[in-house]
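The block underneath contains the structure these notes are about, expressed in structure tokens.
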Amino acid sequence: MRHRFTFRHPDARTASPLERMLLGLLGLLLLLVLLLPVVRDEGLLYPAYHLQFGDVAELQNMGMIYKNDDRGTYAVLDANWRFTQPLKPGDHIVYRLSRPDSQEASHIDLAVGPREGLNSDCLHQGGCYVSLAASIRVLKESLAEQYQLTVEIARSGVEPSAAFNTPQLIRSLPQSGFSLQRMLLSLSATLLLCWGLLRVLAPVLRQGLRWRITGTILLANLCFLLLHATFCFRFSEFLVWSEYRINHYYLSWSLMTLGWLISVLVGRHLYMGLIFTLLFAIGLLANFAKISIYGTSLGGDDLNNLVSLLQILIGDHGLWVGGIGASLLILLWRLRWFNWLLRFVAVLITFFGFSVFAIQASNTVLGPNINYFNNETSYHRDMVRRGPSLYLFDLINGLVSGSSIYSYPAAASPLQQPLISPSTDATEQPAWDLVIVMQYEALWLGWEGGICKPAPVLKLPATVQAVQQQIHSPTTGGMTVLAEFEMNTGLPVGLLKQGIVPYYYLADQAAGLARSAGAMGYSTHFYHPYKQNFWGRDKAIPALGYQHGHFDSEFNTLDQKGFYTSDRALVQRILEQSQADSAPQLLYAVTMQGHGPFNQSRYGQQELEGACPGESESDRQTLNTYYTGVVDAMASLQTLIDGLDASGKRYLLLAFGDHQPYLMNAGTRVLPPHAKTELTFRIPFMAFSRAGSGPLNQQYQNVRQLFQAGQVTRALLGDSQFVPDLPQPVLHPLLGKEPTFDPASYQQALEATFRADTFSH
């Protein structure tokens with residue numbers, strides 16, 4: 001009986017001479033890719049240097065993977081040496097990276113002996129050829145835009161000579177990070193080339209199952225080569241990586257090929273392999289776009305955040321979204337493209353599931369990946385060591401598979417309470433009539449260029465005492481909720497994994513500023529003139545202990561300036577509430593006027609000119625929009641201070657920027673040249689109270705990060721005279737952990753803040 005199901009398409013035909021030639025070239029390319037790590041002449045593949053070290057050795061050639069940007073530096077060196085004399089015990093090859101000021105940024109020492117191939121047998125035959133691979137990482141405090149790479153043979157106890165203790169320059173290393181523009185061009189070229197080849201070869205590949213499998217493998221191999229050799233690495237770096245991480249190389253190739261085969265099978269079309277490639281590249285683009293803005297990679301709750309945004313969009317514009325969605329579905333049906341939509345959805349689901357499988361396969365074949373502590377160079381190192389495929393699959397696996405939200409394992413036994421707290425004899429009654437916290441969106445006063453107007457300055461009445469300083473926010477460019485969390489709970493965000501939104505995991509009665517204030521008798525209010533369900537605030541704000549929430553529904557269009565509710569209108573509501581209740585109150589406000597994007601003329605005739613002369617039109621608009629918002633923010637703060645001073649009440653007022661702004665292309669204008677990452681997390685922090693109400697300067701002057709400000713403020717609720725024991729060590733999600741910071745000492749605070757089920761992983 002003849003089976004009705006067949007893999008031969010009605011349009012299938014035999015290959016023409018040109019098509020045979022293309023298939024032959026793709027087959028030859030497949031062979032080259034598979035043999036590249038094991039059959040190679042590095043004398044042809046790597047740059048030649050021929051650095052002589054007397055009559056002892058010669059550095060013949062060296063390949064390099066080098067990633068350096070303002071967030072980290074990581075380099076892999078694969079060098080070929082020829083030794084004509086033996087080295088003594090204790091001798092080392094020293095590779096050194098030096099900054100432009102000639103100070104050493106980092107180095108690595110390599111011993112060379114019989115294990116590496118330097119032995120008497122080959123020396124007697126005219127010389128030993130030794131291949132040495134090494135990696136160099138630069139710590140954040142030593143980062144530079146450029147480096148000099150030198151090498152020497154170090155021997156202790158001898159004077160510098162041609163052979164020993166004399167560094168020789170290999171090459172200068174410029175800035176070389178992950179370029180989004182280059183990635184986008186590479187992705188476009190990869191997709192166009194593979195699409196063109198599929199278009200030409202499709203009739204031939206549709207002859208049967210063997211043809212389809214063969215074509216899929218050939219094209220998957222081409223995509224693997226293009227994405228790895230141009231999208232993330234340069235071709236010279238790809239050559240080094242193929243041997244340096246040979247196991248990762250072959251596993252990545254196998255996973256890319258298998259991903260294509262599964263996508264073609266699930267989508268029932270050869271073009272579905274291109275969709276797999278597209279999703280792969282989009283994932284990497286999204287990751288590095290997030291890194292460029294926030295400094296952190298994909299992970300945690302990023303998928304949940306997208307779902308939340310979609311829910312808000314549907315809730316606000318349900319009819320429009322439904323109408324547009326229905327129209328698109330009808331259009332796809334009429335154009336007979338509906339099957340393509342179903343295929344795309346099938347491949348999308350397959351891609352996420354395949355990522356989980358890929359990491360499980362990687363853990364089985366290569367062993368579990370070592371996840372280093374989050375720091376500035378982790379994503380450089382992870383990309384180079386694991387390769388783009390496994391790096392991305394690991395990110396996707398983290399997004400879709402449940403795991404612990406914490407960066408550190410739970411402590412096995414009760415530990416001391418780390419939170420700053422007053423002495424046991426302190427009163428539990430409210431120490432203030434008003435405690436007000438103003439969290440200003442993207443408020444930053446430290447520009448050093450781009451904006452030529454000076455930052456606004458407050459004019460304080462003689463009856464007001466103040467602390468004005470810079471501290472660190474846990475985030476930059478966005479993610480307001482992280483700053484909000486640290487201030488409210490007194491917990492450092494660094495205790496959680498990157499990408500986690502802590503508000504999604506709070507206990508029903510989470511410990512924190514508002515919970516403590518309510519227990520003392522304060523009336524607690526939270527103000528934020530935006531969507532109540534954004535970042536999960538609809539559940540998080542009551543969980544934190546706020547008795548009253550005030551969101552966008554309580555404001556109207558007359559309160560707006562630009563896109564959002566003005567800071568002036570919000571402060572006016574704060575002042576009104578401060579007079580509406582004679583009982584002590586805690587008022588926490590998160591502003592919206594200063595929210596981006598800043599590249600549009602949102603203020604019209606009210607826009608202030610702050611940008612320096614000579615800026616491009618787009619950058620001028622961005623900087624002027626931002627500057628106008630800063631002036632308005634500081635003016636609203638001035639109004640609030642004056643109003644509180646005139647009220648006669650005992651008050652404690654805190655004001656800070658939640659993070660620095662994301663100014664797109666203009667962002668580099670406002671920072672000093674070659675700014676360190678640490679500078680991008682600095683924010684203004686200000687505290688005010690009536691003169692004589694407490695030692696304000698001693699209480700806040702040594703606060704260095706927002707979670708410490710939250711701890712101090714929580715302690716001051718019941719004791720205005722309390723002086724905390726500061727400074728204390730800090731933990732930052734990007735800048736790292738100070739040596740004396742003990743994450744385990746926060747276990748009790750974590751258990752009082754988060755749901756019990758978050759500790760079960």
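Following the order of the structure tokens, first chain is A, next is B, and so on, with residues numbered from 1 inside each chain and ligands from 1 in the order they appear.
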Discussion item. I need the residues in segment 168-412 of chain A that are strand (DSSP E or B) according to DSSP; give them as a list in words.
Written reply: Gln168, Leu169, Ile170, Arg171, Ser172, Leu173, Ser176 and Tyr406 of chain A
Discussion item. Need the shell around Ala646 of chain A: protein/DNA/RNA residues with any atom at most 12 Å away, counting only C-alpha atoms. Skip same-chain ones fewer than 6 positions apart. Format as a ChimeraX atom specification?
Written reply: /A:461,463-464,575,578-579,639-640,690
Next, dump the selected residues to file, keeping only C-alpha atoms, as a compact mmCIF listing (two decimals), in the first residue's frame.
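File written: result_7.txt
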# COMPACT_ATOMS: atom_id res chain seq x y z
CA PRO A 461 15.30 79.15 55.75
CA THR A 463 15.18 77.46 60.81
CA VAL A 464 15.90 74.41 58.60
CA LEU A 575 1.04 69.64 51.65
CA SER A 578 -0.02 67.13 55.85
CA GLN A 579 -2.58 69.67 57.12
CA THR A 639 7.88 74.66 47.92
CA LEU A 640 7.59 71.62 50.16
CA ARG A 690 13.56 71.81 61.86
Worksheet, complete the sentence: Shortest contact to Leu544 of chain A, candidates A:Val240, A:Ala752, A:Leu608, A:Ile451, atoms counted only C-alpha atoms, goes to A:Ala752
Practice prompt. Tell me, as a VMD selection string, which residues lie within 9 Å of segment 39-55 of chain A, counting only C-alpha atoms; anything in the same chain fewer than 2 positions away does not count.
Written response: chain A and resid 32 35 to 37 57 to 64 79 to 80 83 to 85 152 to 153 161 to 164 166 168 to 170 236 239 to 240
Discussion item. Nearest residue to Asn702 of chain A out of A:Gln469, A:Gln560, A:Thr677, A:Asn488, using only C-alpha atoms?
Written reply: A:Gln469
Discussion item. To test your reading of the structure, identify every residue in segment 157-239 of chain A that backbone DSSP assigns to helix (DSSP H, G or I), and report it as a PyMOL selection string.
Written reply: chain A and resi 180-205+209-232+235-239
